[in-house]
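Asks: Sharing a structure here in structure tokens format.
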Amino acid sequence: MSSSTLELCKLARTAAAEVAALTTQQKNDALATMADMLEVRMADILDANQEDLDAASGSISDVMMDRLRLTPERVIGMADGIRALIDLPDPVGAVEREVIRPNGIKIDKVRFPLGVIAIIYESRPNVTSAAAALCFKSGNACVLRGGTESYRSSAAVVSALKEGLAKCGITGDAVELVSDLTHDSANELMTAVGLVDLLIPRGGAGLINRVVSSAKVPCIQTGSGICHIYVDATADLYKAVNIINNAKTQRPSVCNAEEVCLVHESVAAEFLPMLKARLVDKREAEGLQPVELRLCPRAAEFISGTPAGPEDFDTEFLDYILAVKVVPDLAAAIEHIQQHSTGHSEAIITETERSANKFVQGIDSAAVYVNVSTRFTDGGEFGLGCEMGISTQKLHARGPMGLQELTTYKYVIRGDGQIRE
């Protein structure tokens, strides 16, 4: 392990003990100050972000540039995301279960911090503030490793957060940012046994797969989202068009954006022209980037578009691209999702309760929607404040990861001299 990354992890390990001992009020006061400092240092953060944008110009796509870009409104949103955590219950010390045994022993199952949480992420500097705040409120220290393209922005954000902690008399080592952005530093975090209690990768499929396959420390698989929306035979087609438009075009570069549209064959002739009119024709007329529709052979019978290849139904585009497939029935839609989903978010548009229930039962993803856009898979929208990421695994954490998912528990047993016979 490189000395710089090793030193950061050691500093965070020491800081974790201090943070774990803070009261809820101390943590909330610090969060308020950290949020304020983001706004106070907004000019510095935006200047750093502009340097990142200038350096990335021409080397990444427009939608990825949007992920990277900060604006005054987005910085205020980052600060408000931290403030939202203040009003949420502190999971640390919460008693989840209390049992008094016949011999008088009292056994409490109590929430405690994990310790040091490392996060490896890409492109989005707003993740820096959200991850740091979530870790801090849940009593943990964090070691952050962002992407090369967003390093200057993240460094400015972390500087503001550390300044907020210092104003409250709390060690700034509770939030550390790795400056070594080579693959070596990522590998070092993956193998930091004894220093890192949990590693969370947040980014594209390549990053997540590499971390999950190589990590020797415990890790949670987050993210990539090949999200599906199925338009059922009884769907309200106007409602379906509105939902799909939102899920695909509001912010196509995020993991809860729709990537695949499945359409029941009985409504394909009416619905697909409506879809094309909204996502392609209307957007072109308004000077907006149209959505490229990649069509299966059946869909191509009703509208024009790009012929879909087999890989298009297994791709997280993160762009203005939507794969479209016509299916014979609900069972076929469920089967397709089961085969191609990444376990993130799926939706059905239907006016039939039986179909909705069958879809909910048949789809094994972290978030399953009925007549709602997949864009709601988000910690803030779920009432969790900001989020650490979207877990697509089943153990410990699933879906948007908030404060409780960043804690563990221990059993606290109290008695009065009992011994086991």
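So you can find residues: chains in the structure tokens are A, B, ... in the order shown, residues in each start at 1, and ligands are numbered from 1 in order.
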Counting only C-alpha atoms, which residues of range 245-283 of chain A fall within 9 Å of range 49-68 of chain A, and what is the closest atom pair for each with its distance in Å at one decimal, ordered by chain and rising number, as a tab-separated table?
Replies:
```
residue	atom	partner	partner_atom	distance
A:Arg251	CA	A:Val63	CA	8.2
A:Pro252	CA	A:Val63	CA	7.1
A:Ser253	CA	A:Val63	CA	5.6
A:Val254	CA	A:Arg67	CA	7.9
```
Asks: Now that the selection is made, can you save its residues with N, CA and C atoms as a PDB file, in the first residue's frame?
Replies:
```pdb
ATOM      1  N   ARG A 251     -32.639  13.252 -16.926  1.00  0.00           N
ATOM      2  CA  ARG A 251     -31.192  13.235 -16.692  1.00  0.00           C
ATOM      3  C   ARG A 251     -30.680  11.854 -17.097  1.00  0.00           C
ATOM      4  N   PRO A 252     -30.375  11.673 -18.377  1.00  0.00           N
ATOM      5  CA  PRO A 252     -30.047  10.337 -18.875  1.00  0.00           C
ATOM      6  C   PRO A 252     -28.730   9.776 -18.367  1.00  0.00           C
ATOM      7  N   SER A 253     -27.895  10.598 -17.735  1.00  0.00           N
ATOM      8  CA  SER A 253     -26.568  10.140 -17.325  1.00  0.00           C
ATOM      9  C   SER A 253     -26.551   9.471 -15.962  1.00  0.00           C
ATOM     10  N   VAL A 254     -27.707   9.284 -15.326  1.00  0.00           N
ATOM     11  CA  VAL A 254     -27.726   8.719 -13.983  1.00  0.00           C
ATOM     12  C   VAL A 254     -28.242   7.285 -14.013  1.00  0.00           C
TER      13      VAL A 254
END
```
Asks: Could you produce a table of the residues of range 212-271 of chain A lying within 9 Å of range 183-192 of chain A, with the nearest pair of atoms per residue and their separation in Å rounded to one decimal, using only C-alpha atoms, ordered by chain and increasing residue number, as JSON lines?
Replies:
```
{"residue": "A:Ser214", "atom": "CA", "partner": "A:Met190", "partner_atom": "CA", "distance": 6.9}
{"residue": "A:Ala215", "atom": "CA", "partner": "A:Met190", "partner_atom": "CA", "distance": 4.4}
{"residue": "A:Lys216", "atom": "CA", "partner": "A:Thr191", "partner_atom": "CA", "distance": 5.0}
{"residue": "A:Val217", "atom": "CA", "partner": "A:Thr191", "partner_atom": "CA", "distance": 6.0}
{"residue": "A:Pro218", "atom": "CA", "partner": "A:Met190", "partner_atom": "CA", "distance": 8.7}
{"residue": "A:Cys219", "atom": "CA", "partner": "A:Met190", "partner_atom": "CA", "distance": 8.6}
```
Asks: Could you please take those selected residues and save C-alpha atoms as a PDB file, in the first residue's frame?
Replies:
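Result went into again-v5.pdb, see below:
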```
ATOM      1  CA  SER A 214     -10.794  -7.843  -6.455  1.00  0.00           C
ATOM      2  CA  ALA A 215     -11.715  -6.493  -3.018  1.00  0.00           C
ATOM      3  CA  LYS A 216     -10.442  -8.249   0.083  1.00  0.00           C
ATOM      4  CA  VAL A 217     -12.287  -5.870   2.375  1.00  0.00           C
ATOM      5  CA  PRO A 218     -16.083  -6.118   2.680  1.00  0.00           C
ATOM      6  CA  CYS A 219     -17.813  -4.274  -0.163  1.00  0.00           C
TER       7      CYS A 219
END
```
Asks: Name the residues in contact with Cys142 in chain A at a cut-off of 6 Å, using only C-alpha atoms, excluding same-chain residues fewer than 3 positions from it; report them as a list in words.
Replies: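 Within the cut-off, the hits are Val116, Ile117, Ala118 and Val175 of chain A.
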Asks: Generate a file of the selected residues that holds N, CA, C and O atoms, formatted as a short mmCIF file (atom, residue, chain, number, x, y, z; two decimals), in the first residue's frame.
Replies:
```
data_model
loop_
_atom_site.label_atom_id
_atom_site.label_comp_id
_atom_site.auth_asym_id
_atom_site.auth_seq_id
_atom_site.Cartn_x
_atom_site.Cartn_y
_atom_site.Cartn_z
N VAL A 116 -14.51 2.81 9.44
CA VAL A 116 -13.96 3.54 8.30
C VAL A 116 -14.62 3.02 7.02
O VAL A 116 -14.56 1.82 6.73
N ILE A 117 -15.24 3.92 6.28
CA ILE A 117 -15.89 3.56 5.03
C ILE A 117 -15.12 4.22 3.90
O ILE A 117 -14.90 5.44 3.92
N ALA A 118 -14.71 3.43 2.92
CA ALA A 118 -14.03 3.95 1.73
C ALA A 118 -15.01 3.93 0.57
O ALA A 118 -15.78 2.97 0.41
N VAL A 175 -12.88 13.11 7.30
CA VAL A 175 -13.15 13.11 5.86
C VAL A 175 -11.82 13.22 5.13
O VAL A 175 -11.17 14.27 5.18
#
```
Asks: Name the residues in contact with Val267 in chain A at a cut-off of 10 Å, using only C-alpha atoms, excluding same-chain residues fewer than 2 positions from it; report them as a list in words.
Replies: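 Contacts, in chain order: Val231, Asp232, Ala233, Thr234, Ala235, Leu237, Val263, His264, Glu265, Ala269, Glu270, Phe271, Leu272 and Val326 of chain A.
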Asks: Output C-alpha atoms for every residue in the selection just made, as a compact mmCIF listing (two decimals), in the first residue's frame.
Replies:
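Full text of selection24.txt as output:
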```
# COMPACT_ATOMS: atom_id res chain seq x y z
CA VAL A 231 -46.07 -0.75 -21.13
CA ASP A 232 -48.83 -3.27 -20.46
CA ALA A 233 -51.89 -4.04 -22.58
CA THR A 234 -54.13 -1.94 -20.32
CA ALA A 235 -51.71 0.96 -19.84
CA LEU A 237 -50.76 5.39 -23.05
CA VAL A 263 -44.25 -2.77 -25.09
CA HIS A 264 -47.15 -5.23 -25.18
CA GLU A 265 -47.86 -6.18 -28.78
CA ALA A 269 -49.22 0.05 -33.14
CA GLU A 270 -50.78 2.93 -31.20
CA PHE A 271 -48.15 3.53 -28.56
CA LEU A 272 -44.87 3.43 -30.48
CA VAL A 326 -42.25 -5.53 -28.44
```
Asks: Calculated over only C-alpha atoms, which of the candidates A:His340, A:Lys248, A:Lys239, A:Lys410 has the smallest distance to Ile107 in chain A?
Replies: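 Looking at the shortest contact to Ile107 in chain A, the residue is A:Lys410.
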Asks: Which is closest to Ser4 in chain A among A:Leu177, A:Tyr320, A:Gln418, A:Cys255, if we use only C-alpha atoms?
Replies: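 When distances to Ser4 in chain A are compared using only C-alpha atoms, the smallest one comes from A:Leu177.
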Asks: Using only C-alpha atoms for the distances, tell me which of A:Leu134, A:Val127, A:Ile413, A:Ala205 is nearest to Asp314 in chain A.
Replies: A:Ala205
Asks: Write out, as a Markdown table, each residue of range 129-155 of chain A that has an atom at most 8 Å from range 391-403 of chain A, together with the closest pair of atoms and their distance in Å to one decimal, counting only C-alpha atoms, rows going by chain and rising number.
Replies:
```
| residue | atom | partner | partner_atom | distance |
| --- | --- | --- | --- | --- |
| A:Leu134 | CA | A:Leu403 | CA | 6.1 |
| A:Cys135 | CA | A:Leu403 | CA | 7.6 |
| A:Lys137 | CA | A:Leu403 | CA | 7.2 |
| A:Ser138 | CA | A:Leu403 | CA | 5.5 |
```
Asks: Filtering to N, CA and C atoms, could you give me those residues as a PDB file, in the first residue's frame?
Replies:
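Below you can see out_12.pdb, which holds the result:
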```pdb
ATOM      1  N   LEU A 134     -23.136  11.531   4.983  1.00  0.00           N
ATOM      2  CA  LEU A 134     -23.781  10.298   5.424  1.00  0.00           C
ATOM      3  C   LEU A 134     -22.882   9.514   6.370  1.00  0.00           C
ATOM      4  N   CYS A 135     -21.616   9.408   6.010  1.00  0.00           N
ATOM      5  CA  CYS A 135     -20.680   8.687   6.880  1.00  0.00           C
ATOM      6  C   CYS A 135     -20.586   9.360   8.241  1.00  0.00           C
ATOM      7  N   LYS A 137     -22.759  11.466   9.815  1.00  0.00           N
ATOM      8  CA  LYS A 137     -23.978  11.372  10.634  1.00  0.00           C
ATOM      9  C   LYS A 137     -24.148   9.971  11.210  1.00  0.00           C
ATOM     10  N   SER A 138     -23.707   8.957  10.478  1.00  0.00           N
ATOM     11  CA  SER A 138     -23.823   7.577  10.967  1.00  0.00           C
ATOM     12  C   SER A 138     -22.638   7.172  11.832  1.00  0.00           C
TER      13      SER A 138
END
```
Asks: Considering only C-alpha atoms, return as a ChimeraX atom specification whatever protein or nucleic-acid residues lie within 9 Å of Asn246 in chain A, sequence-local ones (same chain, fewer than 6 positions apart) excluded.
Replies: /A:257-258,373-375
Asks: Among range 151-355 of chain A, which ones does DSSP place in strand (DSSP E), written as number ranges by chain?
Replies: A: 175-177, 198-202, 227-231, 258-264, 292-295, 306-307, 321-327, 345-349
Asks: Once you have the residues from the selection above, write them out as a short mmCIF file (atom, residue, chain, number, x, y, z; two decimals), in the first residue's frame, restricted to N, CA, C and O atoms.
Replies:
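And here is the file that came out, selection08.cif:
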```
data_model
loop_
_atom_site.label_atom_id
_atom_site.label_comp_id
_atom_site.auth_asym_id
_atom_site.auth_seq_id
_atom_site.Cartn_x
_atom_site.Cartn_y
_atom_site.Cartn_z
N VAL A 175 -12.88 13.11 7.30
CA VAL A 175 -13.15 13.11 5.86
C VAL A 175 -11.82 13.22 5.13
O VAL A 175 -11.17 14.27 5.18
N GLU A 176 -11.40 12.15 4.50
CA GLU A 176 -10.13 12.14 3.77
C GLU A 176 -10.39 11.95 2.28
O GLU A 176 -11.30 11.21 1.89
N LEU A 177 -9.57 12.60 1.44
CA LEU A 177 -9.68 12.49 -0.01
C LEU A 177 -8.35 11.99 -0.56
O LEU A 177 -7.31 12.61 -0.33
N LEU A 198 -15.59 -1.04 5.29
CA LEU A 198 -16.52 -1.25 4.19
C LEU A 198 -16.06 -0.42 3.00
O LEU A 198 -15.68 0.74 3.16
N LEU A 199 -16.09 -1.03 1.83
CA LEU A 199 -15.73 -0.34 0.58
C LEU A 199 -16.96 -0.30 -0.31
O LEU A 199 -17.60 -1.33 -0.55
N ILE A 200 -17.27 0.89 -0.81
CA ILE A 200 -18.44 1.06 -1.68
C ILE A 200 -17.99 1.62 -3.01
O ILE A 200 -17.50 2.75 -3.08
N PRO A 201 -18.12 0.85 -4.10
CA PRO A 201 -17.84 1.40 -5.43
C PRO A 201 -19.10 2.04 -5.99
O PRO A 201 -20.19 1.47 -5.91
N ARG A 202 -18.96 3.21 -6.57
CA ARG A 202 -20.12 3.90 -7.14
C ARG A 202 -19.72 4.45 -8.49
O ARG A 202 -18.93 5.38 -8.59
N CYS A 227 -32.32 -0.10 -16.44
CA CYS A 227 -33.68 0.03 -15.91
C CYS A 227 -34.70 -0.13 -17.03
O CYS A 227 -34.55 0.46 -18.11
N HIS A 228 -35.73 -0.91 -16.76
CA HIS A 228 -36.77 -1.23 -17.74
C HIS A 228 -38.10 -0.57 -17.36
O HIS A 228 -38.43 -0.48 -16.18
N ILE A 229 -38.85 -0.17 -18.38
CA ILE A 229 -40.26 0.19 -18.20
C ILE A 229 -41.08 -0.64 -19.18
O ILE A 229 -40.79 -0.65 -20.39
N TYR A 230 -42.06 -1.34 -18.65
CA TYR A 230 -42.94 -2.18 -19.48
C TYR A 230 -44.31 -1.53 -19.61
O TYR A 230 -44.95 -1.19 -18.61
N VAL A 231 -44.75 -1.34 -20.85
CA VAL A 231 -46.07 -0.75 -21.13
C VAL A 231 -47.03 -1.91 -21.38
O VAL A 231 -46.96 -2.61 -22.40
N GLU A 258 -34.13 5.34 -17.45
CA GLU A 258 -34.59 4.17 -18.22
C GLU A 258 -33.65 3.90 -19.39
O GLU A 258 -33.22 4.81 -20.08
N GLU A 259 -33.36 2.62 -19.61
CA GLU A 259 -32.53 2.21 -20.75
C GLU A 259 -33.28 1.31 -21.73
O GLU A 259 -32.93 1.23 -22.89
N VAL A 260 -34.34 0.63 -21.25
CA VAL A 260 -35.08 -0.32 -22.10
C VAL A 260 -36.59 -0.09 -21.92
O VAL A 260 -37.07 0.02 -20.79
N CYS A 261 -37.28 -0.05 -23.05
CA CYS A 261 -38.74 0.05 -23.04
C CYS A 261 -39.31 -1.22 -23.66
O CYS A 261 -38.98 -1.57 -24.80
N LEU A 262 -40.16 -1.91 -22.92
CA LEU A 262 -40.85 -3.10 -23.40
C LEU A 262 -42.32 -2.74 -23.61
O LEU A 262 -42.93 -2.08 -22.76
N VAL A 263 -42.89 -3.16 -24.73
CA VAL A 263 -44.25 -2.77 -25.09
C VAL A 263 -45.07 -4.00 -25.45
O VAL A 263 -44.62 -4.84 -26.27
N HIS A 264 -46.24 -4.13 -24.85
CA HIS A 264 -47.15 -5.23 -25.18
C HIS A 264 -47.58 -5.11 -26.64
O HIS A 264 -47.91 -4.00 -27.10
N GLU A 292 -32.29 8.48 -29.47
CA GLU A 292 -32.10 7.47 -30.50
C GLU A 292 -32.83 6.21 -30.07
O GLU A 292 -32.52 5.63 -29.02
N LEU A 293 -33.80 5.78 -30.84
CA LEU A 293 -34.56 4.58 -30.53
C LEU A 293 -33.94 3.39 -31.24
O LEU A 293 -33.84 3.37 -32.47
N ARG A 294 -33.50 2.42 -30.47
CA ARG A 294 -32.91 1.20 -31.04
C ARG A 294 -33.96 0.11 -30.96
O ARG A 294 -34.32 -0.35 -29.87
N LEU A 295 -34.44 -0.28 -32.13
CA LEU A 295 -35.68 -1.05 -32.22
C LEU A 295 -35.44 -2.51 -32.55
O LEU A 295 -34.62 -2.85 -33.42
N THR A 306 -33.14 3.03 -35.21
CA THR A 306 -31.92 2.26 -35.44
C THR A 306 -32.18 0.80 -35.09
O THR A 306 -32.73 0.52 -34.02
N PRO A 307 -31.82 -0.13 -35.99
CA PRO A 307 -31.99 -1.55 -35.63
C PRO A 307 -31.19 -1.87 -34.37
O PRO A 307 -30.02 -1.51 -34.25
N ILE A 321 -30.34 7.42 -25.55
CA ILE A 321 -30.54 6.19 -26.33
C ILE A 321 -31.50 5.31 -25.55
O ILE A 321 -31.39 5.17 -24.33
N LEU A 322 -32.46 4.72 -26.25
CA LEU A 322 -33.44 3.85 -25.61
C LEU A 322 -33.65 2.61 -26.47
O LEU A 322 -34.00 2.72 -27.65
N ALA A 323 -33.41 1.45 -25.89
CA ALA A 323 -33.69 0.19 -26.59
C ALA A 323 -35.18 -0.14 -26.44
O ALA A 323 -35.73 -0.01 -25.34
N VAL A 324 -35.81 -0.54 -27.54
CA VAL A 324 -37.27 -0.77 -27.54
C VAL A 324 -37.55 -2.17 -28.07
O VAL A 324 -37.03 -2.56 -29.13
N LYS A 325 -38.38 -2.91 -27.34
CA LYS A 325 -38.73 -4.27 -27.75
C LYS A 325 -40.22 -4.50 -27.55
O LYS A 325 -40.80 -4.13 -26.52
N VAL A 326 -40.84 -5.12 -28.53
CA VAL A 326 -42.25 -5.53 -28.44
C VAL A 326 -42.30 -6.96 -27.92
O VAL A 326 -41.58 -7.83 -28.41
N VAL A 327 -43.14 -7.18 -26.90
CA VAL A 327 -43.26 -8.51 -26.31
C VAL A 327 -44.71 -8.98 -26.40
O VAL A 327 -45.64 -8.17 -26.44
N SER A 345 -33.80 -0.87 -10.97
CA SER A 345 -35.16 -0.34 -10.92
C SER A 345 -35.93 -0.73 -12.17
O SER A 345 -35.41 -0.61 -13.28
N GLU A 346 -37.15 -1.20 -12.00
CA GLU A 346 -38.02 -1.57 -13.11
C GLU A 346 -39.43 -1.05 -12.84
O GLU A 346 -39.83 -0.91 -11.69
N ALA A 347 -40.17 -0.79 -13.92
CA ALA A 347 -41.52 -0.24 -13.76
C ALA A 347 -42.49 -0.89 -14.73
O ALA A 347 -42.12 -1.31 -15.84
N ILE A 348 -43.74 -0.96 -14.32
CA ILE A 348 -44.84 -1.39 -15.20
C ILE A 348 -45.83 -0.24 -15.27
O ILE A 348 -46.12 0.43 -14.27
N ILE A 349 -46.33 0.00 -16.47
CA ILE A 349 -47.41 0.97 -16.66
C ILE A 349 -48.64 0.15 -17.01
O ILE A 349 -48.70 -0.49 -18.07
#
```
Asks: Can you tell me, as a PyMOL selection string, what residues are no more than 8 Å from Asp364 in chain A when counting only C-alpha atoms, ignoring any on the same chain fewer than 3 positions away?
Replies: chain A and resi 338+343+361
Asks: Please list as a list of chain:residue names every residue within 8 Å of Thr171 in chain A, counting only C-alpha atoms and excluding residues in the same chain fewer than 3 positions away.
Replies: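 With the cut-off at 8 Å, the set is A:Ala15, A:Lys162, A:Leu165, A:Ala166, A:Ala174.
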Asks: Return the single residue from A:Asn245, A:Thr14, A:Asn256, A:Ser266 that is closest to Val291 in chain A, with distances computed using only C-alpha atoms.
Replies: A:Asn245
Asks: Could you check how far CA of Asp108 in chain A sits from CA of Glu96 in chain A, in Å to one decimal?
Replies: 7.4 Å
